[in-house]
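> Contents of structure_19.txt (compact mmCIF, C-alpha atoms and all ligand atoms) are given next:
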# COMPACT_ATOMS: atom_id res chain seq x y z
CA MET I 1 112.26 108.54 194.97
CA THR I 2 115.22 106.36 194.45
CA THR I 3 118.84 107.07 195.26
CA LEU I 4 118.14 108.39 198.73
CA PRO I 5 120.57 106.82 201.14
CA ARG I 6 118.94 105.53 204.28
CA ARG I 7 121.53 107.45 206.32
CA GLN I 8 120.23 110.68 204.96
CA PHE I 9 116.70 109.88 206.05
CA LEU I 10 117.82 108.90 209.50
CA ALA I 11 119.89 112.07 209.80
CA THR I 12 116.79 114.17 209.32
CA ALA I 13 114.83 112.18 211.85
CA GLY I 14 115.79 114.36 214.78
CA ALA I 15 115.07 117.59 212.96
CA ALA I 16 112.18 119.96 213.46
CA VAL I 17 108.79 118.41 213.92
CA ALA I 18 106.33 119.47 211.24
CA ALA I 19 104.05 122.24 212.33
CA LEU I 20 100.62 121.21 213.49
CA ALA I 21 98.14 121.56 210.71
CA THR I 22 95.56 124.16 211.49
CA PHE I 23 91.94 123.94 210.65
CA HIS I 24 91.21 125.01 207.10
CA ALA I 25 88.24 127.25 206.59
CA ARG I 26 87.76 126.27 202.97
CA PHE I 27 86.15 122.92 202.33
CA ALA I 28 85.78 121.21 199.03
CA GLN I 29 82.56 119.30 198.57
CA ALA I 30 83.60 115.72 198.94
CA PHE I 31 85.13 115.67 202.31
CA PRO I 32 83.47 114.75 205.56
CA SER I 33 84.43 117.92 207.42
CA ARG I 34 82.19 119.41 210.04
CA THR I 35 81.64 122.97 211.08
CA GLY I 36 83.88 124.15 213.86
CA GLU I 37 86.02 121.06 214.04
CA THR I 38 89.63 121.07 215.14
CA VAL I 39 92.38 118.68 214.12
CA LEU I 40 94.11 116.69 216.84
CA PRO I 41 97.83 116.44 216.11
CA TRP I 42 99.29 113.00 215.53
CA LEU I 43 101.84 112.21 218.24
CA ASP I 44 104.03 110.43 215.71
CA GLN I 45 104.15 113.17 213.06
CA PRO I 46 107.47 112.52 211.31
CA PRO I 47 109.98 115.32 210.79
CA ALA I 48 110.08 117.01 207.39
CA LEU I 49 111.79 114.84 204.78
CA GLY I 50 114.43 117.47 204.04
CA ASP I 51 115.58 115.86 200.80
CA PRO I 52 115.74 117.80 197.53
CA CYS I 53 114.29 114.80 195.64
CA CYS I 54 110.81 115.41 196.91
CA ASP I 55 108.81 118.52 197.63
CA THR I 56 105.40 119.61 198.90
CA LEU I 57 104.58 116.26 200.45
CA LEU I 58 100.93 115.86 201.41
CA ASP I 59 100.13 116.95 204.95
CA TRP I 60 97.60 114.31 205.97
CA GLU I 61 96.39 116.31 208.97
CA ALA I 62 95.39 119.14 206.62
CA LEU I 63 93.60 116.91 204.10
CA ASP I 64 90.28 118.59 203.46
CA SER I 65 89.55 118.02 199.80
CA TRP I 66 89.21 115.09 197.46
CA ILE I 67 91.18 116.86 194.73
CA THR I 68 94.65 117.93 195.81
CA PRO I 69 95.20 121.56 194.76
CA ASN I 70 98.22 122.04 192.49
CA ASP I 71 100.14 124.08 195.05
CA LYS I 72 99.82 121.19 197.51
CA PHE I 73 100.60 118.39 195.08
CA PHE I 74 103.89 116.60 195.87
CA PHE I 75 106.59 116.26 193.30
CA VAL I 76 109.50 113.93 192.89
CA SER I 77 112.49 114.21 190.57
CA HIS I 78 115.51 111.97 190.19
CA PHE I 79 117.71 114.14 187.99
CA ASN I 80 117.46 117.82 187.16
CA ARG I 81 114.16 119.67 186.85
CA PRO I 82 114.12 120.90 183.29
CA ILE I 83 112.29 124.08 182.35
CA ILE I 84 111.19 123.52 178.80
CA ASN I 85 110.79 126.22 176.19
CA GLU I 86 107.51 125.13 174.65
CA PRO I 87 107.82 126.72 171.17
CA SER I 88 110.88 124.63 170.38
CA TRP I 89 109.61 121.48 172.11
CA LYS I 90 108.32 118.48 170.17
CA LEU I 91 107.26 114.97 171.05
CA GLU I 92 108.97 112.38 168.86
CA VAL I 93 107.38 108.97 168.31
CA ASP I 94 109.89 106.66 166.67
CA GLY I 95 111.72 103.33 166.77
CA LEU I 96 109.81 100.36 165.35
CA VAL I 97 106.97 102.33 163.80
CA ASN I 98 105.82 102.67 160.20
CA THR I 99 105.32 106.43 160.43
CA PRO I 100 107.54 108.33 162.87
CA LEU I 101 105.71 111.32 164.34
CA SER I 102 106.91 114.70 165.53
CA LEU I 103 104.23 116.68 167.34
CA THR I 104 104.02 120.15 168.86
CA LEU I 105 101.96 120.87 171.94
CA ALA I 106 99.36 122.50 169.69
CA ASP I 107 99.19 119.29 167.61
CA LEU I 108 98.56 117.28 170.78
CA LYS I 109 95.95 119.70 172.08
CA ALA I 110 94.13 119.53 168.75
CA ARG I 111 93.59 115.80 169.25
CA PRO I 112 90.49 114.47 171.06
CA SER I 113 90.88 115.10 174.78
CA LYS I 114 89.36 113.67 177.92
CA GLU I 115 89.60 114.10 181.67
CA THR I 116 90.93 111.48 184.05
CA ILE I 117 90.94 111.71 187.81
CA PHE I 118 93.78 109.67 189.18
CA THR I 119 95.44 109.43 192.58
CA LEU I 120 99.16 109.39 191.92
CA GLU I 121 101.27 107.73 194.61
CA CYS I 122 105.03 107.44 194.68
CA SER I 123 105.95 103.80 195.26
CA GLY I 124 108.38 104.98 197.96
CA ASN I 125 105.50 106.46 199.98
CA HIS I 126 105.58 105.02 203.53
CA GLY I 127 108.86 103.26 202.67
CA PHE I 128 110.73 105.58 205.04
CA PRO I 129 109.57 107.07 208.34
CA SER I 130 109.67 110.62 206.95
CA PHE I 131 108.24 109.91 203.53
CA VAL I 132 104.52 109.55 204.11
CA GLY I 133 102.98 112.23 201.87
CA GLY I 134 104.07 111.21 198.37
CA ILE I 135 100.51 111.14 197.07
CA GLY I 136 97.87 113.41 195.56
CA ASN I 137 94.66 113.26 193.56
CA ALA I 138 94.24 115.41 190.45
CA LYS I 139 92.17 115.88 187.35
CA TRP I 140 94.40 115.35 184.33
CA VAL I 141 93.45 116.49 180.81
CA ASP I 142 95.02 114.59 178.07
CA THR I 143 94.93 112.74 174.82
CA SER I 144 95.02 108.98 174.20
CA LEU I 145 98.41 107.25 174.03
CA ALA I 146 96.98 104.21 172.23
CA ASP I 147 95.55 106.36 169.42
CA LEU I 148 98.92 107.99 168.87
CA LEU I 149 100.69 104.62 168.78
CA LYS I 150 98.09 103.32 166.32
CA GLU I 151 98.67 106.36 164.14
CA ALA I 152 102.42 105.75 164.14
CA GLY I 153 101.76 102.08 163.37
CA VAL I 154 103.84 99.79 165.57
CA LYS I 155 105.76 97.21 163.52
CA ASP I 156 105.20 93.50 164.16
CA ASP I 157 108.38 93.03 166.14
CA GLY I 158 107.71 96.02 168.46
CA ILE I 159 107.01 94.80 172.01
CA GLU I 160 108.28 97.55 174.31
CA VAL I 161 107.39 101.25 174.59
CA VAL I 162 110.05 103.49 176.13
CA PHE I 163 109.09 106.89 177.52
CA TRP I 164 112.03 109.27 177.52
CA GLY I 165 112.05 112.35 179.75
CA THR I 166 114.02 115.52 179.09
CA ASP I 167 115.68 115.40 182.51
CA VAL I 168 119.17 114.00 182.54
CA GLY I 169 121.79 112.82 185.02
CA ASP I 170 125.02 110.90 185.37
CA VAL I 171 124.10 107.35 186.30
CA ALA I 172 126.90 105.23 187.73
CA LEU I 173 126.73 101.45 187.48
CA LYS I 174 129.46 99.68 189.36
CA ASP I 175 129.41 96.00 190.26
CA ASP I 176 131.55 92.90 189.61
CA ILE I 177 131.20 93.09 185.86
CA ARG I 178 130.42 96.72 185.05
CA ASP I 179 131.98 100.05 185.85
CA VAL I 180 130.47 102.84 183.76
CA ILE I 181 128.99 106.28 184.15
CA MET I 182 126.15 106.97 181.74
CA HIS I 183 124.91 110.45 180.92
CA GLN I 184 121.27 109.39 180.66
CA ASN I 185 117.81 110.77 180.33
CA PHE I 186 115.13 109.56 182.70
CA ALA I 187 113.44 106.62 181.00
CA ARG I 188 110.76 104.11 181.89
CA SER I 189 109.05 101.58 179.71
CA MET I 190 105.95 99.42 179.43
CA SER I 191 105.17 96.38 177.36
CA LEU I 192 103.25 97.29 174.22
CA ALA I 193 100.18 95.52 175.62
CA ASP I 194 100.30 97.60 178.82
CA ALA I 195 100.99 100.80 176.91
CA MET I 196 98.00 100.24 174.60
CA ASN I 197 95.60 100.23 177.57
CA PRO I 198 93.06 102.97 176.77
CA ASN I 199 93.47 104.43 180.28
CA ASN I 200 96.96 105.73 179.46
CA ILE I 201 97.07 109.33 178.43
CA LEU I 202 99.48 112.03 177.41
CA CYS I 203 98.67 114.86 179.77
CA TYR I 204 99.17 118.62 179.40
CA GLU I 205 96.72 119.99 181.97
CA MET I 206 96.37 119.40 185.71
CA ASN I 207 93.39 120.61 187.75
CA GLY I 208 92.43 123.17 185.11
CA ALA I 209 95.89 124.71 184.67
CA ALA I 210 98.72 123.98 182.26
CA LEU I 211 101.08 121.39 183.74
CA SER I 212 103.59 123.22 185.91
CA ASP I 213 107.33 122.89 185.33
CA ALA I 214 107.61 120.70 188.43
CA HIS I 215 104.90 118.30 187.30
CA GLY I 216 106.32 117.79 183.81
CA PHE I 217 105.51 120.72 181.50
CA PRO I 218 104.66 120.52 178.66
CA LEU I 219 103.69 116.83 178.56
CA ARG I 220 103.72 113.79 180.80
CA LEU I 221 102.40 110.28 180.74
CA ILE I 222 99.54 109.54 183.10
CA ALA I 223 99.11 105.81 183.63
CA PRO I 224 96.11 105.28 185.93
CA GLY I 225 96.59 102.21 188.09
CA TRP I 226 100.39 102.46 188.01
CA TYR I 227 102.76 103.79 190.67
CA GLY I 228 104.17 107.31 190.24
CA ILE I 229 107.39 106.19 188.58
CA ALA I 230 105.52 105.04 185.45
CA ASN I 231 104.07 108.53 184.97
CA VAL I 232 107.00 110.01 183.04
CA LYS I 233 107.26 113.81 183.16
CA TRP I 234 108.86 116.20 180.66
CA LEU I 235 108.26 113.67 177.87
CA LYS I 236 110.34 114.17 174.75
CA ARG I 237 110.32 110.85 172.98
CA ILE I 238 108.27 107.65 172.79
CA GLU I 239 110.29 104.85 171.28
CA ILE I 240 109.24 101.34 170.27
CA ARG I 241 111.77 98.53 170.71
CA ASP I 242 111.87 94.79 170.07
CA ARG I 243 113.16 93.82 173.52
CA ARG I 244 112.76 94.58 177.21
CA PHE I 245 114.26 97.85 178.40
CA MET I 246 116.28 97.78 181.65
CA SER I 247 117.14 101.37 182.59
CA LEU I 248 118.07 102.54 186.07
CA LEU I 249 114.40 103.19 186.82
CA MET I 250 113.25 99.83 185.43
CA GLY I 251 115.87 97.29 186.37
CA ARG I 252 117.93 98.57 189.28
CA ASN I 253 116.17 101.24 191.31
CA TYR I 254 112.43 100.67 191.63
CA VAL I 255 113.07 96.96 191.89
CA THR I 256 111.34 95.35 194.85
CA ILE I 257 113.19 92.46 196.48
CA ARG I 258 110.99 90.03 198.33
CA GLU I 259 111.37 86.60 199.88
CA GLU I 260 108.40 84.63 198.64
CA ASP I 261 107.22 81.18 199.56
CA HIS I 262 106.81 78.53 196.90
CA ASN I 263 105.72 75.11 198.22
CA GLY I 264 107.57 75.68 201.46
CA GLU I 265 110.73 76.93 199.77
CA THR I 266 111.96 80.50 199.91
CA VAL I 267 112.20 82.14 196.52
CA TRP I 268 113.95 85.50 196.30
CA ALA I 269 112.05 87.54 193.73
CA GLU I 270 113.11 90.86 192.17
CA THR I 271 110.28 92.66 190.44
CA SER I 272 110.12 96.04 188.73
CA VAL I 273 107.66 98.41 190.43
CA GLY I 274 104.52 98.51 188.35
CA ARG I 275 100.84 98.54 189.18
CA THR I 276 99.56 100.17 192.35
CA LEU I 277 98.75 98.09 195.42
CA LEU I 278 95.78 98.23 197.75
CA LYS I 279 96.35 100.74 200.54
CA SER I 280 94.69 103.05 203.06
CA VAL I 281 95.80 105.44 205.78
CA PRO I 282 94.15 107.24 208.66
CA ALA I 283 94.58 110.87 207.60
CA ARG I 284 93.42 112.77 210.66
CA VAL I 285 91.37 112.81 213.83
CA THR I 286 89.08 115.77 214.36
CA HIS I 287 86.94 116.97 217.21
CA SER I 288 83.78 119.07 217.15
CA ASP I 289 80.61 119.46 219.21
CA ALA I 290 79.43 116.28 217.50
CA GLY I 291 82.37 114.28 218.86
CA TYR I 292 85.54 112.71 217.54
CA ARG I 293 85.98 111.51 213.99
CA ILE I 294 88.73 109.57 212.24
CA SER I 295 88.96 110.12 208.50
CA GLY I 296 91.26 108.84 205.84
CA ALA I 297 91.73 107.69 202.28
CA ALA I 298 91.99 104.37 200.44
CA TRP I 299 93.27 103.70 196.92
CA GLY I 300 95.40 101.44 194.75
CA ALA I 301 92.67 98.94 193.81
CA PRO I 302 88.88 99.06 193.56
CA ILE I 303 87.96 99.64 197.22
CA ASP I 304 85.12 97.69 198.77
CA THR I 305 85.41 98.58 202.45
CA VAL I 306 87.79 100.22 204.88
CA GLU I 307 88.02 99.16 208.50
CA VAL I 308 89.61 100.87 211.46
CA ARG I 309 91.02 99.36 214.59
CA ILE I 310 91.57 101.42 217.71
CA ASP I 311 94.25 100.02 220.02
CA ASP I 312 93.69 96.25 220.17
CA GLY I 313 89.95 96.47 219.53
CA ASP I 314 87.88 94.87 216.79
CA TRP I 315 88.02 96.06 213.19
CA GLN I 316 85.15 98.51 212.71
CA PRO I 317 83.59 99.33 209.33
CA THR I 318 83.93 102.94 208.17
CA THR I 319 81.57 105.06 206.06
CA PHE I 320 82.56 106.44 202.65
CA ASP I 321 82.07 109.99 201.51
CA ASP I 322 81.29 109.21 197.89
CA SER I 323 80.01 112.62 196.86
CA GLU I 324 82.93 112.72 194.42
CA THR I 325 84.32 109.46 193.06
CA ALA I 326 86.30 108.19 190.10
CA GLU I 327 87.61 104.81 189.08
CA PHE I 328 91.27 105.60 189.73
CA ALA I 329 90.84 108.06 192.59
CA TRP I 330 91.12 107.53 196.31
CA ARG I 331 87.96 107.04 198.35
CA ILE I 332 87.54 109.14 201.46
CA TRP I 333 86.22 107.34 204.53
CA TYR I 334 85.41 108.22 208.12
CA LEU I 335 84.49 106.67 211.42
CA ASP I 336 82.82 108.48 214.28
CA TRP I 337 84.67 107.62 217.46
CA ALA I 338 81.93 107.65 220.06
CA SER I 339 83.59 108.00 223.44
CA PRO I 340 87.34 107.63 223.40
CA THR I 341 88.96 107.23 226.79
CA LEU I 342 91.46 109.87 227.85
CA GLY I 343 95.06 109.10 227.02
CA GLU I 344 97.01 107.77 224.09
CA HIS I 345 95.55 105.58 221.38
CA GLU I 346 96.65 103.72 218.27
CA VAL I 347 94.61 104.09 215.11
CA THR I 348 95.11 101.57 212.28
CA SER I 349 93.20 101.28 209.01
CA ARG I 350 92.98 98.51 206.45
CA ALA I 351 91.36 98.53 203.04
CA ILE I 352 89.59 95.54 201.51
CA SER I 353 89.34 95.44 197.74
CA LYS I 354 86.37 94.43 195.61
CA SER I 355 88.22 91.22 194.80
CA GLY I 356 88.51 90.41 198.51
CA GLN I 357 92.16 91.30 199.06
CA ILE I 358 92.99 92.73 202.48
CA GLN I 359 95.65 95.40 202.94
CA PRO I 360 98.47 93.45 204.66
CA ALA I 361 99.49 93.98 208.28
CA MET I 362 103.08 95.06 208.85
CA ASP I 363 104.00 91.56 210.06
CA ASP I 364 102.44 89.89 207.02
CA PRO I 365 105.24 88.14 205.04
CA TRP I 366 104.29 90.28 202.02
CA ILE I 367 105.62 93.30 203.94
CA ALA I 368 107.90 91.72 206.55
CA LYS I 369 109.87 89.78 203.92
CA LYS I 370 110.25 92.73 201.58
CA HIS I 371 113.82 94.04 201.62
CA THR I 372 113.41 97.32 199.73
CA TYR I 373 111.32 100.38 200.51
CA TRP I 374 109.19 100.62 197.37
CA GLU I 375 105.60 99.33 197.31
CA SER I 376 105.11 99.69 201.07
CA ASN I 377 101.38 99.11 201.20
CA GLY I 378 101.24 97.68 204.74
CA GLN I 379 98.69 98.89 207.27
CA VAL I 380 99.51 102.29 208.75
CA THR I 381 99.17 102.83 212.51
CA ARG I 382 99.07 106.38 213.89
CA HIS I 383 99.18 107.59 217.49
CA ILE I 384 96.95 110.20 219.05
CA ALA I 385 96.23 111.56 222.51
CA ILE I 386 92.74 112.36 223.76
CA THR I 387 93.05 115.00 226.45
N1 LIG I 401 110.95 112.57 183.74
C1 LIG I 401 110.66 112.19 185.00
N2 LIG I 401 109.44 111.66 185.27
C2 LIG I 401 109.13 111.27 186.53
C3 LIG I 401 110.07 111.38 187.58
C4 LIG I 401 111.35 111.94 187.28
O1 LIG I 401 112.23 112.08 188.13
N3 LIG I 401 111.59 112.34 185.98
N4 LIG I 401 109.73 110.94 188.83
C5 LIG I 401 108.69 109.91 188.90
C6 LIG I 401 108.25 109.60 190.23
S1 LIG I 401 109.25 108.61 191.18
C7 LIG I 401 107.02 109.99 190.71
S2 LIG I 401 106.48 109.51 192.21
C8 LIG I 401 106.14 110.85 189.89
C9 LIG I 401 105.74 112.06 190.69
O2 LIG I 401 104.94 112.91 189.92
P1 LIG I 401 104.77 114.41 190.39
O3 LIG I 401 106.16 114.94 190.61
O4 LIG I 401 104.02 115.13 189.34
O5 LIG I 401 104.01 114.34 191.68
O6 LIG I 401 106.78 111.28 188.69
C10 LIG I 401 107.49 110.28 188.04
N5 LIG I 401 107.90 110.76 186.75
MO MO I 402 108.17 107.88 192.94
Once you've parsed the file, please lay out its structure as structure tokens.
Ligand SMILES: Nc1nc2c(c(=O)[nH]1)N[C@H]1C(S)=C(S)[C@@H](COP(=O)(O)O)O[C@H]1N2
Ligand SMILES: [Mo]

Amino acid sequence: MTTLPRRQFLATAGAAVAALATFHARFAQAFPSRTGETVLPWLDQPPALGDPCCDTLLDWEALDSWITPNDKFFFVSHFNRPIINEPSWKLEVDGLVNTPLSLTLADLKARPSKETIFTLECSGNHGFPSFVGGIGNAKWVDTSLADLLKEAGVKDDGIEVVFWGTDVGDVALKDDIRDVIMHQNFARSMSLADAMNPNNILCYEMNGAALSDAHGFPLRLIAPGWYGIANVKWLKRIEIRDRRFMSLLMGRNYVTIREEDHNGETVWAETSVGRTLLKSVPARVTHSDAGYRISGAAWGAPIDTVEVRIDDGDWQPTTFDDSETAEFAWRIWYLDWASPTLGEHEVTSRAISKSGQIQPAMDDPWIAKKHTYWESNGQVTRHIAIT
């Protein structure tokens, strides 16, 4: 998400409250659900986003499977949503390469394929009160980006890989020194070194089905470990350049502005949204004959532990359900809540990474001194009533 004016979000804030998620009878394997449990509604469930940018946002209260089914997988688009006629579609690989390539979908499918399970999160997720479900976990089938780039043969002066989408819009740039409107395709780039990472893949299949139009048919980039914006949909061209690329989605939107401290001095830093950050959320509270349970997810970095704090209590360690795991997928955790007192409670989670990082509190300078909504990985507090 990008050009959404704050006003628009606030305007929707008084609108209809999202319907209470009902208990789902179907359970996938890797989820700590219990027979006969009911979901307690969050008291602070935000209203529906109501913005055409973003659809099918994840309903945390209904989370009952590790893999997010395609019909429940969020999607975000900045420009139009192209519907591509596959027979006439080709992927071009050009710019500073020795051998420009032009590949059909059949050519790409004929290449060695592999599966990657990756939790894709929009960097705007939790950046606005009503945008809290821009995330999903899917199994992507794909072919290696690095192998394709090697085949094309990047020239010595090539340092930047630009991923061009088919979607297009009129991008206005107006400031003290510029006043233009550009009819532009969606475009994001990566340094050649980042692009050559073997985890990056050109994906044509999602959870066992062809990519849907909404998710980027016929081909998208999947960049495990990177925020959603890097995962360019409706790919039509991969271009190698000899300098940094500064499109709307690289250098203006999706730029985080943060006041940082350097030896006691404030440094204002502007950084392009890139790799994912450590994060967790409490997804839902359930009740069954066995008692109350808080469950949630954690992702964005290799997760070591997740802790939960109820009201102003101590941080308590949670238990993982690791019956299904993958390097770039969220980990599902839960905490049995022995005997909650009647009334309202606050539930906060924090993830701790394998390298010892702790998901920041909302008043941590990392979050409190951030002036833009992207990369909002602060601790999430939810409110619930035990009746
Ligand atoms: N071509 C193109 N790719 C795109 C976008 C877009 O608008 N156009 N949106 C990006 C953003 S901001 C996100 S969060 C992810 C969302 O992927 P999904 O729609 O498949 O969930 O796609 C990314 N790739
Ligand atoms: Mo996004």
> As lines of an AutoDock Vina configuration file, please: the centre and edge lengths in Å, to one decimal, of an axis-aligned box enclosing every listed atom of range 352-355 of chain I with 5 Å added on each side.

center_x = 88.0
center_y = 93.4
center_z = 198.2
size_x = 13.2
size_y = 14.3
size_z = 16.7
> Counting all atoms listed in the file, which residues come within 7 Å of (91.6, 106.1, 201.8), with the point read in the file's coordinates, and could you list them as a compact mmCIF listing (two decimals) with C-alpha atoms, in the coordinates of the input?

# COMPACT_ATOMS: atom_id res chain seq x y z
CA SER I 280 94.69 103.05 203.06
CA VAL I 281 95.80 105.44 205.78
CA GLY I 296 91.26 108.84 205.84
CA ALA I 297 91.73 107.69 202.28
CA ALA I 298 91.99 104.37 200.44
CA TRP I 299 93.27 103.70 196.92
CA TRP I 330 91.12 107.53 196.31
CA ARG I 331 87.96 107.04 198.35
CA ILE I 332 87.54 109.14 201.46
CA TRP I 333 86.22 107.34 204.53
> Using all atoms listed in the file, which protein or nucleic acid residues are at most 8 Å from ligand LIG 401 (chain I), as a PyMOL selection string?
chain I and resi 1-2+54+73-81+120-124+134-136+164-167+185-187+214-216+220+227-235
> Export, as a CSV table (one decimal), keeping the file's coordinate frame, the selected residues with C-alpha atoms.

chain,number,residue,atom,x,y,z
I,1,MET,CA,112.3,108.5,195.0
I,2,THR,CA,115.2,106.4,194.4
I,54,CYS,CA,110.8,115.4,196.9
I,73,PHE,CA,100.6,118.4,195.1
I,74,PHE,CA,103.9,116.6,195.9
I,75,PHE,CA,106.6,116.3,193.3
I,76,VAL,CA,109.5,113.9,192.9
I,77,SER,CA,112.5,114.2,190.6
I,78,HIS,CA,115.5,112.0,190.2
I,79,PHE,CA,117.7,114.1,188.0
I,80,ASN,CA,117.5,117.8,187.2
I,81,ARG,CA,114.2,119.7,186.8
I,120,LEU,CA,99.2,109.4,191.9
I,121,GLU,CA,101.3,107.7,194.6
I,122,CYS,CA,105.0,107.4,194.7
I,123,SER,CA,106.0,103.8,195.3
I,124,GLY,CA,108.4,105.0,198.0
I,134,GLY,CA,104.1,111.2,198.4
I,135,ILE,CA,100.5,111.1,197.1
I,136,GLY,CA,97.9,113.4,195.6
I,164,TRP,CA,112.0,109.3,177.5
I,165,GLY,CA,112.0,112.4,179.8
I,166,THR,CA,114.0,115.5,179.1
I,167,ASP,CA,115.7,115.4,182.5
I,185,ASN,CA,117.8,110.8,180.3
I,186,PHE,CA,115.1,109.6,182.7
I,187,ALA,CA,113.4,106.6,181.0
I,214,ALA,CA,107.6,120.7,188.4
I,215,HIS,CA,104.9,118.3,187.3
I,216,GLY,CA,106.3,117.8,183.8
I,220,ARG,CA,103.7,113.8,180.8
I,227,TYR,CA,102.8,103.8,190.7
I,228,GLY,CA,104.2,107.3,190.2
I,229,ILE,CA,107.4,106.2,188.6
I,230,ALA,CA,105.5,105.0,185.4
I,231,ASN,CA,104.1,108.5,185.0
I,232,VAL,CA,107.0,110.0,183.0
I,233,LYS,CA,107.3,113.8,183.2
I,234,TRP,CA,108.9,116.2,180.7
I,235,LEU,CA,108.3,113.7,177.9
> Of the candidates I:Ile367, I:Ile310, I:Ala152, I:Val273, which one gets nearest to ligand MO 402 (chain I) if we count all atoms listed in the file?
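So, comparing all the options, the nearest one is I:Val273.
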> Could you check how far CA of Ser130 in chain I sits from atom MO of ligand MO 402 (chain I), in Å to one decimal?
14.4 Å
> Given the choices I:Asp363, I:Glu160, I:Glu205, I:Glu346, which gets closest to Lys109 in chain I if the distance is worked out from only C-alpha atoms?
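Checking each candidate against Lys109 in chain I, we get I:Glu205 as the closest.
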> Write out as a PyMOL selection string the residues lying within 8 Å of Pro198 in chain I, counting all atoms listed in the file and excluding same-chain residues fewer than 3 positions away.
chain I and resi 144-146+201
> Any chance you could export the current selection's C-alpha atoms as a PDB file, in the frame of the given file?

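That gives us selection-v8.pdb:
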ATOM      1  CA  SER I 144      95.020 108.980 174.200  1.00  0.00           C
ATOM      2  CA  LEU I 145      98.410 107.250 174.030  1.00  0.00           C
ATOM      3  CA  ALA I 146      96.980 104.210 172.230  1.00  0.00           C
ATOM      4  CA  ILE I 201      97.070 109.330 178.430  1.00  0.00           C
TER       5      ILE I 201
END
> Choose the residue, out of I:Glu265, I:Ile238, I:Asn70, I:Ala62, that has the smallest atom-to-atom separation from Thr38 in chain I; count all atoms listed in the file.
I:Ala62
> Pick from I:Ser376, I:Thr99, I:Thr68, I:Ser33: nearest to ligand MO 402 (chain I), with only C-alpha atoms and all ligand atoms counted?
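Checking each of I:Ser376, I:Thr99, I:Thr68, I:Ser33 against ligand MO 402 (chain I), counting only C-alpha atoms and all ligand atoms, the winner is I:Ser376.
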> In terms of the shortest atom-to-atom distance over only C-alpha atoms, which of I:Met182, I:Ile117, I:Leu277, I:Ala290 is closest to Gly378 in chain I?
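Residue with the minimum atom-to-atom distance to Gly378 in chain I: I:Leu277.
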> Taking all atoms listed in the file into account, name the residue in I:Ile294, I:Cys53, I:Leu101, I:Leu40 that is nearest to ligand MO 402 (chain I).
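Closest to ligand MO 402 (chain I), using all atoms listed in the file: I:Cys53.
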> What does the distance from CA of Gln359 in chain I to CA of Met196 in chain I come to in Å, to one decimal?
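Distance reported for this atom pair: 28.8 Å.
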> Determine, counting all atoms listed in the file, which protein, DNA and RNA residues have an atom within 9 Å of an atom of Met190 in chain I; residues of the same chain fewer than 4 positions away are not included. Present the result as a PyMOL selection string.
chain I and resi 159-163+194-195+230+244-245
> How far is it from CA of Val255 in chain I to CA of Gln45 in chain I, in Å with one decimal?
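Going from CA of Val255 in chain I over to CA of Gln45 in chain I covers 28.1 Å.
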> At a cut-off of 7 Å, using all atoms listed in the file, what residues contact Asp142 in chain I? Leave out same-chain residues fewer than 3 positions from it and give the result as a list in words.
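Near Asp142 in chain I, the qualifying residues are Ser113, Lys114, Glu115, Ile201, Leu202, Cys203, Tyr204 and Glu205 of chain I.
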> Can you pull out the residues contacting Lys139 in chain I? Cut-off 8 Å, using all atoms listed in the file, and skip same-chain residues under 3 positions away; I want them as a CSV table (one decimal) with C-alpha atoms, in the frame of the given file.

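Dumped everything to around-v3.csv:
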chain,number,residue,atom,x,y,z
I,67,ILE,CA,91.2,116.9,194.7
I,115,GLU,CA,89.6,114.1,181.7
I,116,THR,CA,90.9,111.5,184.0
I,117,ILE,CA,90.9,111.7,187.8
I,118,PHE,CA,93.8,109.7,189.2
I,206,MET,CA,96.4,119.4,185.7
I,207,ASN,CA,93.4,120.6,187.8
I,208,GLY,CA,92.4,123.2,185.1
> Pick out the residues sitting within 8 Å of Glu37 in chain I, and hand them over as a count of residues only; count only C-alpha atoms, and ignore anything fewer than 2 positions along from it in its own chain.
9
> Taking the point (102.0, 119.9, 168.0) as given in the file, collect each protein or nucleic acid residue that comes within 12 Å of it, counting all atoms listed in the file, and present the set as number ranges by chain.
I: 86-92, 101-111, 204, 218-219
